[in-house]
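Undergrad: For reference, the file protein-v4.cif (mmCIF, C-alpha atoms and all ligand atoms) is included below:
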data_my_file
loop_
_atom_site.label_atom_id
_atom_site.label_comp_id
_atom_site.auth_asym_id
_atom_site.auth_seq_id
_atom_site.Cartn_x
_atom_site.Cartn_y
_atom_site.Cartn_z
CA MET A 200 0.00 0.00 0.00
CA ALA A 201 1.41 3.37 -1.03
CA PRO A 202 2.01 5.86 1.80
CA VAL A 203 -0.70 8.46 2.25
CA ILE A 204 0.13 12.10 1.55
CA LEU A 205 -2.31 14.76 2.74
CA VAL A 206 -2.51 17.87 0.58
CA THR A 207 -4.22 21.10 1.56
CA ASN A 208 -3.99 24.83 0.87
CA ASP A 209 -5.51 28.17 1.82
CA ASP A 210 -6.61 29.30 -1.65
CA GLY A 211 -9.50 26.87 -1.74
CA VAL A 212 -10.10 23.36 -3.06
CA HIS A 213 -10.51 24.55 -6.66
CA ALA A 214 -7.26 26.55 -6.83
CA PRO A 215 -4.91 25.66 -9.70
CA GLY A 216 -1.90 25.59 -7.36
CA LEU A 217 -3.52 22.84 -5.29
CA ARG A 218 -4.30 20.77 -8.38
CA ALA A 219 -0.73 21.09 -9.63
CA LEU A 220 0.62 20.04 -6.23
CA ALA A 221 -1.67 17.02 -5.88
CA ALA A 222 -0.78 15.86 -9.40
CA ALA A 223 2.96 16.28 -8.76
CA LEU A 224 2.86 14.16 -5.59
CA GLU A 225 0.83 11.28 -7.11
CA THR A 226 4.05 9.44 -7.99
CA LEU A 227 5.19 9.52 -4.33
CA GLY A 228 2.11 8.11 -2.62
CA GLN A 229 -1.63 8.03 -2.35
CA VAL A 230 -2.68 11.68 -2.34
CA TYR A 231 -5.71 12.82 -0.35
CA VAL A 232 -6.86 16.40 -0.78
CA VAL A 233 -8.65 17.98 2.17
CA ALA A 234 -8.95 21.69 1.51
CA PRO A 235 -11.13 24.71 2.38
CA GLU A 236 -14.21 25.07 0.17
CA ARG A 237 -13.30 28.73 -0.39
CA GLU A 238 -10.27 30.96 -0.05
CA GLN A 239 -8.80 31.23 3.45
CA SER A 240 -5.60 33.19 2.83
CA VAL A 241 -4.08 35.08 5.78
CA VAL A 242 -6.19 33.25 8.38
CA GLY A 243 -3.05 32.07 10.16
CA HIS A 244 -3.42 29.06 12.42
CA ALA A 245 -7.11 29.54 13.21
CA LEU A 246 -9.20 26.50 14.11
CA THR A 247 -13.00 26.37 13.97
CA LEU A 248 -14.20 25.34 17.42
CA HIS A 249 -17.53 27.13 17.75
CA ARG A 250 -19.54 25.64 14.91
CA PRO A 251 -19.67 22.23 13.24
CA LEU A 252 -17.53 21.52 10.21
CA ARG A 253 -19.14 20.08 7.08
CA VAL A 254 -17.25 17.98 4.60
CA ASP A 255 -18.21 17.69 0.96
CA ARG A 256 -16.73 14.65 -0.78
CA LEU A 257 -15.89 15.85 -4.29
CA ASP A 258 -14.46 12.53 -5.35
CA GLU A 259 -12.88 9.46 -3.79
CA ARG A 260 -9.85 11.21 -2.34
CA ARG A 261 -10.82 14.90 -2.54
CA PHE A 262 -12.76 16.71 0.17
CA ALA A 263 -13.96 20.31 0.58
CA VAL A 264 -14.33 21.63 4.13
CA ASN A 265 -16.16 24.77 5.31
CA GLY A 266 -13.23 25.66 7.53
CA THR A 267 -9.64 26.83 7.71
CA PRO A 268 -6.47 25.16 6.39
CA SER A 269 -5.60 24.03 9.93
CA ASP A 270 -9.11 22.55 10.29
CA CYS A 271 -8.46 20.57 7.12
CA VAL A 272 -5.18 19.14 8.40
CA ASN A 273 -6.67 18.35 11.79
CA LEU A 274 -9.64 16.58 10.18
CA GLY A 275 -7.47 14.80 7.65
CA VAL A 276 -4.88 13.52 10.11
CA LEU A 277 -7.27 12.69 12.95
CA GLY A 278 -9.99 10.85 11.11
CA LEU A 279 -11.15 11.78 7.63
CA VAL A 280 -8.31 10.06 5.80
CA PRO A 281 -8.50 6.29 6.39
CA GLU A 282 -4.76 5.84 6.96
CA ALA A 283 -2.34 8.09 8.88
CA PRO A 284 -0.51 10.35 6.40
CA VAL A 285 3.29 10.19 6.30
CA LEU A 286 3.47 13.71 4.90
CA VAL A 287 1.36 16.88 4.90
CA VAL A 288 2.01 19.31 2.05
CA ALA A 289 0.25 22.69 1.92
CA GLY A 290 0.12 24.72 -1.28
CA ILE A 291 1.01 25.56 -3.88
CA ASN A 292 0.09 28.95 -2.52
CA HIS A 293 -0.67 31.65 -5.03
CA GLY A 294 1.94 34.15 -3.85
CA SER A 295 5.05 33.77 -1.71
CA ASN A 296 5.11 33.25 2.08
CA LEU A 297 8.36 34.82 3.23
CA GLY A 298 9.99 36.22 6.34
CA ASP A 299 7.82 37.51 9.16
CA ASP A 300 4.74 37.11 6.95
CA VAL A 301 4.73 33.34 7.59
CA THR A 302 3.01 34.05 10.91
CA TYR A 303 -0.11 35.21 9.02
CA SER A 304 -0.07 32.49 6.41
CA GLY A 305 -2.82 29.89 6.23
CA THR A 306 -0.52 27.77 4.05
CA VAL A 307 2.37 27.75 6.53
CA SER A 308 -0.03 27.27 9.44
CA ALA A 309 -1.44 24.16 7.80
CA ALA A 310 2.08 22.70 7.86
CA VAL A 311 2.46 23.85 11.48
CA GLU A 312 -0.73 21.95 12.33
CA GLY A 313 0.59 18.82 10.63
CA THR A 314 3.84 19.12 12.57
CA LEU A 315 1.99 19.59 15.88
CA LEU A 316 0.08 16.40 15.10
CA GLY A 317 3.36 14.56 14.62
CA VAL A 318 3.30 14.34 10.82
CA THR A 319 6.24 15.54 8.72
CA SER A 320 4.99 18.67 6.98
CA MET A 321 5.97 21.26 4.42
CA ALA A 322 4.46 24.37 2.83
CA VAL A 323 5.04 25.36 -0.80
CA SER A 324 4.38 28.83 -2.19
CA GLN A 325 5.03 30.42 -5.54
CA ALA A 326 5.61 34.13 -6.14
CA ASP A 327 2.73 35.08 -8.46
CA PRO A 328 3.74 33.12 -11.55
CA ASP A 329 3.71 34.64 -15.03
CA GLY A 330 0.80 33.19 -16.94
CA GLY A 331 -0.41 31.37 -13.83
CA SER A 332 1.70 28.25 -14.42
CA PHE A 333 2.65 26.18 -11.38
CA GLU A 334 4.88 23.81 -13.36
CA ALA A 335 8.17 24.86 -11.77
CA ALA A 336 6.75 24.91 -8.26
CA ALA A 337 5.14 21.49 -8.74
CA LEU A 338 8.48 20.02 -9.79
CA VAL A 339 10.19 21.67 -6.80
CA ALA A 340 7.49 20.30 -4.49
CA ARG A 341 8.02 16.76 -5.78
CA LEU A 342 11.83 16.93 -5.55
CA VAL A 343 11.81 18.39 -2.03
CA ALA A 344 9.03 16.06 -0.83
CA THR A 345 11.06 13.08 -2.07
CA ARG A 346 14.05 14.26 -0.06
CA VAL A 347 11.91 14.98 3.02
CA LEU A 348 10.30 11.53 2.85
CA GLY A 349 13.74 9.94 2.54
CA GLU A 350 15.52 11.86 5.29
CA GLY A 351 12.73 13.18 7.46
CA LEU A 352 12.89 16.50 9.30
CA PRO A 353 13.99 17.19 12.88
CA ALA A 354 11.26 16.84 15.53
CA ARG A 355 8.86 19.81 15.73
CA THR A 356 10.30 21.30 12.56
CA MET A 357 8.55 22.01 9.28
CA LEU A 358 9.89 23.12 5.93
CA ASN A 359 8.82 26.35 4.22
CA VAL A 360 9.45 26.33 0.48
CA ASN A 361 9.16 29.38 -1.79
CA VAL A 362 9.57 29.32 -5.56
CA PRO A 363 10.51 32.46 -7.52
CA ARG A 364 8.45 33.94 -10.34
CA GLU A 365 10.94 32.99 -13.09
CA PRO A 366 12.40 29.50 -13.72
CA PRO A 367 14.58 28.81 -10.64
CA ARG A 368 18.39 29.10 -10.84
CA GLY A 369 18.85 26.60 -8.01
CA MET A 370 17.87 26.03 -4.39
CA ARG A 371 19.13 27.78 -1.27
CA VAL A 372 18.65 26.87 2.37
CA THR A 373 17.75 30.12 4.11
CA ARG A 374 16.54 31.79 7.28
CA LEU A 375 13.43 33.92 7.66
CA GLY A 376 13.80 37.54 6.60
CA ARG A 377 12.46 40.45 8.63
CA ARG A 378 9.76 42.83 7.61
CA THR A 379 9.87 46.55 8.27
CA TYR A 380 6.48 48.09 8.77
CA ALA A 381 6.56 51.43 6.99
CA GLU A 382 3.01 51.76 5.70
CA LYS A 383 0.33 53.64 7.56
CA VAL A 384 -3.23 52.61 8.23
CA VAL A 385 -5.47 54.00 5.51
CA GLN A 386 -8.51 55.87 6.84
CA GLU A 387 -11.41 56.80 4.55
CA MET A 388 -14.97 57.92 5.06
CA ASP A 389 -18.00 55.78 4.20
CA PRO A 390 -21.12 57.27 2.52
CA ARG A 391 -22.75 57.64 5.93
CA GLY A 392 -19.90 59.73 7.23
CA ARG A 393 -18.32 57.06 9.40
CA PRO A 394 -14.62 56.28 9.12
CA TYR A 395 -13.35 52.91 7.93
CA TYR A 396 -9.81 51.55 7.81
CA TRP A 397 -7.60 49.37 5.62
CA ILE A 398 -4.55 47.68 7.11
CA GLY A 399 -1.83 45.80 5.27
CA GLY A 400 -1.75 48.08 2.24
CA GLY A 401 1.44 49.00 0.44
CA GLN A 402 4.44 46.95 -0.60
CA PRO A 403 6.27 45.13 2.20
CA LEU A 404 9.78 46.37 2.96
CA TRP A 405 12.43 43.92 4.12
CA GLU A 406 15.65 44.27 6.07
CA GLU A 407 18.77 43.63 3.99
CA ASP A 408 19.91 40.07 4.64
CA GLU A 409 21.71 38.01 2.00
CA ALA A 410 21.05 34.75 3.87
CA SER A 411 17.29 35.30 4.06
CA ASP A 412 14.48 33.58 2.20
CA ILE A 413 13.52 36.94 0.72
CA ALA A 414 16.96 37.54 -0.84
CA ALA A 415 17.02 34.00 -2.28
CA VAL A 416 13.65 34.35 -4.01
CA GLN A 417 14.47 37.89 -5.21
CA GLN A 418 17.64 36.50 -6.80
CA GLY A 419 15.71 33.75 -8.58
CA PHE A 420 16.42 30.81 -6.25
CA VAL A 421 14.04 28.41 -4.56
CA SER A 422 14.18 29.05 -0.81
CA LEU A 423 14.03 26.21 1.73
CA THR A 424 13.61 27.38 5.32
CA PRO A 425 13.35 24.94 8.22
CA LEU A 426 10.97 26.41 10.80
CA GLY A 427 11.01 25.26 14.43
CA LEU A 428 7.76 25.28 16.36
CA ASP A 429 9.37 26.09 19.70
CA LEU A 430 8.95 29.87 19.96
CA THR A 431 10.65 30.05 23.35
CA HIS A 432 13.58 32.49 23.36
CA TYR A 433 16.16 30.59 25.39
CA GLY A 434 18.51 33.54 25.77
CA ALA A 435 15.73 35.64 27.28
CA LEU A 436 14.60 32.70 29.38
CA GLY A 437 18.04 32.54 30.99
CA ARG A 438 18.15 36.28 31.63
CA MET A 439 14.60 36.47 33.01
CA VAL A 440 14.96 33.77 35.62
CA GLU A 441 15.87 36.49 38.11
CA TRP A 442 12.48 38.14 37.49
CA GLU A 443 10.87 35.22 39.31
CA ALA A 444 11.84 36.14 42.85
CA GLY A 445 11.16 39.87 42.46
CA LEU A 446 7.75 39.48 40.85
CA SER A 447 6.75 36.65 43.19
CA ALA A 448 7.53 38.85 46.19
CA LEU A 449 5.25 41.57 44.83
CA LEU A 450 2.48 39.04 44.37
CA ARG A 451 2.51 37.95 48.00
CA PRO A 452 0.27 39.98 50.34
CA ARG A 453 2.37 42.07 52.66
CA ALA A 454 2.26 41.70 56.38
CA PRO A 455 0.31 44.61 57.93
MN MN B 1 -3.21 31.84 -0.22
#
The structure given in the file should be rewritten as structure tokens.

TA:
Amino acid sequence: MAPVILVTNDDGVHAPGLRALAAALETLGQVYVVAPEREQSVVGHALTLHRPLRVDRLDERRFAVNGTPSDCVNLGVLGLVPEAPVLVVAGINHGSNLGDDVTYSGTVSAAVEGTLLGVTSMAVSQADPDGGSFEAAALVARLVATRVLGEGLPARTMLNVNVPREPPRGMRVTRLGRRTYAEKVVQEMDPRGRPYYWIGGGQPLWEEDEASDIAAVQQGFVSLTPLGLDLTHYGALGRMVEWEAGLSALLRPRAP
């Protein structure tokens, strides 16, 4: 029996990037698609806990869910797919997921969810491709997935893959780049004279860093970034230990 690979995305079950990814991975295992019924970009790691999820079986191994990408992975790994997947792959996202922006990404969060559930996981994104072709990214996804299946990833670590707009010059292993927030909130007035706001407008600006995922993709390379799920800052942890006694003393009621 071929190993099961779970494929999801945040652009919706009908997105061309998802189709290209599922097709590319067919040679590596039995591909199950469990994906949101409509676009869920930039929903981050949200789970739907306050209403029931409905699943629409589109064909034997393709399911549409009225939920988030992380819902889809949770459902897929914990019950919907008959056999435990050996790999979760999210994508191919329409648009890159680089640097600090990965924290907003539904695509990356789907791979985070897979990793939390103990399944080796990766996210694949393509900078808006010319002519909408996902051919290069699909090939990259298959090559990297093959390597990941062969070698595995460290515990609690996922892989974030970004493919440049033009045919890639090669692959680079990178670290996350850092975003600089320069844009302002846009405030306008609605027809009833009440203000409304747009956030997240404008082009993102990035700190200069040759070793970053952003630099790699800008220079035409595929970027592979291993992401650890442990967000603890161990340096700060060491330095803050002395806060314990001081803050604890303040917490205790004083003697009159
Ligand atoms: Mn998306």

Undergrad: For Ala415 of chain A, which residue among A:Leu252, A:Gly298, A:Val384, A:Gly434 is the nearest when counting all atoms listed in the file?

TA: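 Between A:Leu252, A:Gly298, A:Val384, A:Gly434, the residue approaching Ala415 of chain A most closely is A:Gly298.
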
Undergrad: Find the residues around segment 375-381 of chain A up to 12 Å (all atoms listed in the file counted), leave out those fewer than 4 positions away in its own chain, and share them as JSON, numbers by chain.

TA: {"A": [296, 297, 298, 299, 300, 301, 302, 358, 359, 360, 361, 398, 399, 400, 401, 402, 403, 404, 405, 406, 407, 408, 409, 410, 411, 412, 413, 414, 415, 416, 417, 422, 423, 424, 425, 426, 427]}

Undergrad: Could you write those residues out with C-alpha atoms, as an mmCIF file, keeping the file's coordinate frame?

TA:
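In the end it all went to selection03.cif:
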data_model
loop_
_atom_site.group_PDB
_atom_site.id
_atom_site.type_symbol
_atom_site.label_atom_id
_atom_site.label_comp_id
_atom_site.auth_asym_id
_atom_site.auth_seq_id
_atom_site.Cartn_x
_atom_site.Cartn_y
_atom_site.Cartn_z
ATOM 1 C CA ASN A 296 5.110 33.250 2.080
ATOM 2 C CA LEU A 297 8.360 34.820 3.230
ATOM 3 C CA GLY A 298 9.990 36.220 6.340
ATOM 4 C CA ASP A 299 7.820 37.510 9.160
ATOM 5 C CA ASP A 300 4.740 37.110 6.950
ATOM 6 C CA VAL A 301 4.730 33.340 7.590
ATOM 7 C CA THR A 302 3.010 34.050 10.910
ATOM 8 C CA LEU A 358 9.890 23.120 5.930
ATOM 9 C CA ASN A 359 8.820 26.350 4.220
ATOM 10 C CA VAL A 360 9.450 26.330 0.480
ATOM 11 C CA ASN A 361 9.160 29.380 -1.790
ATOM 12 C CA ILE A 398 -4.550 47.680 7.110
ATOM 13 C CA GLY A 399 -1.830 45.800 5.270
ATOM 14 C CA GLY A 400 -1.750 48.080 2.240
ATOM 15 C CA GLY A 401 1.440 49.000 0.440
ATOM 16 C CA GLN A 402 4.440 46.950 -0.600
ATOM 17 C CA PRO A 403 6.270 45.130 2.200
ATOM 18 C CA LEU A 404 9.780 46.370 2.960
ATOM 19 C CA TRP A 405 12.430 43.920 4.120
ATOM 20 C CA GLU A 406 15.650 44.270 6.070
ATOM 21 C CA GLU A 407 18.770 43.630 3.990
ATOM 22 C CA ASP A 408 19.910 40.070 4.640
ATOM 23 C CA GLU A 409 21.710 38.010 2.000
ATOM 24 C CA ALA A 410 21.050 34.750 3.870
ATOM 25 C CA SER A 411 17.290 35.300 4.060
ATOM 26 C CA ASP A 412 14.480 33.580 2.200
ATOM 27 C CA ILE A 413 13.520 36.940 0.720
ATOM 28 C CA ALA A 414 16.960 37.540 -0.840
ATOM 29 C CA ALA A 415 17.020 34.000 -2.280
ATOM 30 C CA VAL A 416 13.650 34.350 -4.010
ATOM 31 C CA GLN A 417 14.470 37.890 -5.210
ATOM 32 C CA SER A 422 14.180 29.050 -0.810
ATOM 33 C CA LEU A 423 14.030 26.210 1.730
ATOM 34 C CA THR A 424 13.610 27.380 5.320
ATOM 35 C CA PRO A 425 13.350 24.940 8.220
ATOM 36 C CA LEU A 426 10.970 26.410 10.800
ATOM 37 C CA GLY A 427 11.010 25.260 14.430
#

Undergrad: Can you pull out the residues contacting Leu348 of chain A? Cut-off 9 Å, using all atoms listed in the file, and skip same-chain residues under 6 positions away; I want them as a PyMOL selection string.

TA: chain A and resi 285-286+319

Undergrad: Restricted to C-alpha atoms, what would the selected residues look like written as a short mmCIF file (atom, residue, chain, number, x, y, z; two decimals), keeping the file's coordinate frame?

TA:
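out39.cif, written as the output of this step:
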data_model
loop_
_atom_site.label_atom_id
_atom_site.label_comp_id
_atom_site.auth_asym_id
_atom_site.auth_seq_id
_atom_site.Cartn_x
_atom_site.Cartn_y
_atom_site.Cartn_z
CA VAL A 285 3.29 10.19 6.30
CA LEU A 286 3.47 13.71 4.90
CA THR A 319 6.24 15.54 8.72
#

Undergrad: Please check which protein, DNA or RNA residues sit within 8 Å of ligand MN 1 (chain B), counting only C-alpha atoms and all ligand atoms, and write them as a PyMOL selection string.

TA: chain A and resi 208-210+238-241+290+292-294+304-306

Undergrad: With only C-alpha atoms as the basis for distance, which of A:Pro390, A:Ser308, A:Gly313, A:Ile204 is at the shortest distance from Leu220 of chain A?

TA: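 For Leu220 of chain A, the nearest of the given residues is A:Ile204.
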
Undergrad: For Asp258 of chain A, find every residue with an atom within 12 Å (counting all atoms listed in the file), except residues of its own chain fewer than 5 positions away, and show them as an mmCIF file with C-alpha atoms, keeping the file's coordinate frame.

TA:
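The resulting file, around_9.cif, is shown below:
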data_model
loop_
_atom_site.group_PDB
_atom_site.id
_atom_site.type_symbol
_atom_site.label_atom_id
_atom_site.label_comp_id
_atom_site.auth_asym_id
_atom_site.auth_seq_id
_atom_site.Cartn_x
_atom_site.Cartn_y
_atom_site.Cartn_z
ATOM 1 C CA VAL A 212 -10.100 23.360 -3.060
ATOM 2 C CA TYR A 231 -5.710 12.820 -0.350
ATOM 3 C CA VAL A 232 -6.860 16.400 -0.780
ATOM 4 C CA VAL A 233 -8.650 17.980 2.170
ATOM 5 C CA ALA A 263 -13.960 20.310 0.580
#

Undergrad: From the options A:Gly278, A:Gly216, A:Ile291, A:Ala310, which residue's atoms come nearest to Gly243 of chain A, counting all atoms listed in the file?

TA: A:Ala310

Undergrad: From the list A:Met321, A:Leu227, A:Ala335, A:Ala340, which residue is nearest Arg355 of chain A when using only C-alpha atoms?

TA: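 Ranked by minimum distance to Arg355 of chain A, first place goes to A:Met321.
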
Undergrad: How far is it from atom CA of Glu282 of chain A to atom CA of Ala245 of chain A, in Å with one decimal?

TA: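 Computing it gives 24.6 Å between the two atoms.
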
Undergrad: Can you rebuild segment 332-353 of chain A with N, CA, C and O atoms and give it as an mmCIF file, in the frame of the given file?

TA:
data_model
loop_
_atom_site.group_PDB
_atom_site.id
_atom_site.type_symbol
_atom_site.label_atom_id
_atom_site.label_comp_id
_atom_site.auth_asym_id
_atom_site.auth_seq_id
_atom_site.Cartn_x
_atom_site.Cartn_y
_atom_site.Cartn_z
ATOM 1 N N SER A 332 1.251 29.648 -14.371
ATOM 2 C CA SER A 332 1.700 28.250 -14.420
ATOM 3 C C SER A 332 2.385 27.853 -13.115
ATOM 4 O O SER A 332 3.227 28.582 -12.595
ATOM 5 N N PHE A 333 2.039 26.675 -12.610
ATOM 6 C CA PHE A 333 2.650 26.180 -11.380
ATOM 7 C C PHE A 333 3.613 25.031 -11.672
ATOM 8 O O PHE A 333 3.959 24.271 -10.782
ATOM 9 N N GLU A 334 4.040 24.936 -12.939
ATOM 10 C CA GLU A 334 4.880 23.810 -13.360
ATOM 11 C C GLU A 334 6.179 23.728 -12.555
ATOM 12 O O GLU A 334 6.525 22.681 -12.020
ATOM 13 N N ALA A 335 6.881 24.855 -12.464
ATOM 14 C CA ALA A 335 8.170 24.860 -11.770
ATOM 15 C C ALA A 335 7.977 24.533 -10.296
ATOM 16 O O ALA A 335 8.710 23.705 -9.727
ATOM 17 N N ALA A 336 6.978 25.134 -9.689
ATOM 18 C CA ALA A 336 6.750 24.910 -8.260
ATOM 19 C C ALA A 336 6.319 23.465 -7.991
ATOM 20 O O ALA A 336 6.673 22.885 -6.963
ATOM 21 N N ALA A 337 5.573 22.879 -8.911
ATOM 22 C CA ALA A 337 5.140 21.490 -8.740
ATOM 23 C C ALA A 337 6.337 20.548 -8.790
ATOM 24 O O ALA A 337 6.450 19.605 -8.000
ATOM 25 N N LEU A 338 7.260 20.836 -9.710
ATOM 26 C CA LEU A 338 8.480 20.020 -9.790
ATOM 27 C C LEU A 338 9.294 20.180 -8.499
ATOM 28 O O LEU A 338 9.757 19.188 -7.919
ATOM 29 N N VAL A 339 9.459 21.412 -8.052
ATOM 30 C CA VAL A 339 10.190 21.670 -6.800
ATOM 31 C C VAL A 339 9.535 20.910 -5.648
ATOM 32 O O VAL A 339 10.208 20.263 -4.845
ATOM 33 N N ALA A 340 8.207 20.976 -5.580
ATOM 34 C CA ALA A 340 7.490 20.300 -4.490
ATOM 35 C C ALA A 340 7.784 18.808 -4.507
ATOM 36 O O ALA A 340 8.025 18.196 -3.458
ATOM 37 N N ARG A 341 7.773 18.210 -5.701
ATOM 38 C CA ARG A 341 8.020 16.760 -5.780
ATOM 39 C C ARG A 341 9.459 16.421 -5.376
ATOM 40 O O ARG A 341 9.696 15.482 -4.629
ATOM 41 N N LEU A 342 10.417 17.207 -5.861
ATOM 42 C CA LEU A 342 11.830 16.930 -5.550
ATOM 43 C C LEU A 342 12.083 17.072 -4.042
ATOM 44 O O LEU A 342 12.731 16.232 -3.419
ATOM 45 N N VAL A 343 11.557 18.146 -3.462
ATOM 46 C CA VAL A 343 11.810 18.390 -2.030
ATOM 47 C C VAL A 343 11.044 17.362 -1.184
ATOM 48 O O VAL A 343 11.577 16.840 -0.204
ATOM 49 N N ALA A 344 9.808 17.052 -1.578
ATOM 50 C CA ALA A 344 9.030 16.060 -0.830
ATOM 51 C C ALA A 344 9.724 14.701 -0.842
ATOM 52 O O ALA A 344 9.730 13.978 0.167
ATOM 53 N N THR A 345 10.327 14.348 -1.964
ATOM 54 C CA THR A 345 11.060 13.080 -2.070
ATOM 55 C C THR A 345 12.196 13.044 -1.050
ATOM 56 O O THR A 345 12.396 12.065 -0.332
ATOM 57 N N ARG A 346 12.916 14.159 -0.990
ATOM 58 C CA ARG A 346 14.050 14.260 -0.060
ATOM 59 C C ARG A 346 13.559 14.212 1.395
ATOM 60 O O ARG A 346 14.134 13.552 2.250
ATOM 61 N N VAL A 347 12.475 14.928 1.660
ATOM 62 C CA VAL A 347 11.910 14.980 3.020
ATOM 63 C C VAL A 347 11.422 13.592 3.439
ATOM 64 O O VAL A 347 11.644 13.151 4.573
ATOM 65 N N LEU A 348 10.776 12.881 2.526
ATOM 66 C CA LEU A 348 10.300 11.530 2.850
ATOM 67 C C LEU A 348 11.477 10.596 3.112
ATOM 68 O O LEU A 348 11.412 9.713 3.971
ATOM 69 N N GLY A 349 12.573 10.799 2.373
ATOM 70 C CA GLY A 349 13.740 9.940 2.540
ATOM 71 C C GLY A 349 14.495 10.219 3.831
ATOM 72 O O GLY A 349 14.916 9.301 4.531
ATOM 73 N N GLU A 350 14.656 11.496 4.153
ATOM 74 C CA GLU A 350 15.520 11.860 5.290
ATOM 75 C C GLU A 350 14.764 12.309 6.513
ATOM 76 O O GLU A 350 15.334 12.398 7.593
ATOM 77 N N GLY A 351 13.491 12.647 6.347
ATOM 78 C CA GLY A 351 12.730 13.180 7.460
ATOM 79 C C GLY A 351 13.174 14.595 7.803
ATOM 80 O O GLY A 351 14.077 15.143 7.178
ATOM 81 N N LEU A 352 12.522 15.175 8.790
ATOM 82 C CA LEU A 352 12.890 16.500 9.300
ATOM 83 C C LEU A 352 13.096 16.341 10.802
ATOM 84 O O LEU A 352 12.560 15.413 11.409
ATOM 85 N N PRO A 353 13.847 17.256 11.422
ATOM 86 C CA PRO A 353 13.990 17.190 12.880
ATOM 87 C C PRO A 353 12.611 17.283 13.558
ATOM 88 O O PRO A 353 11.668 17.816 12.966
#
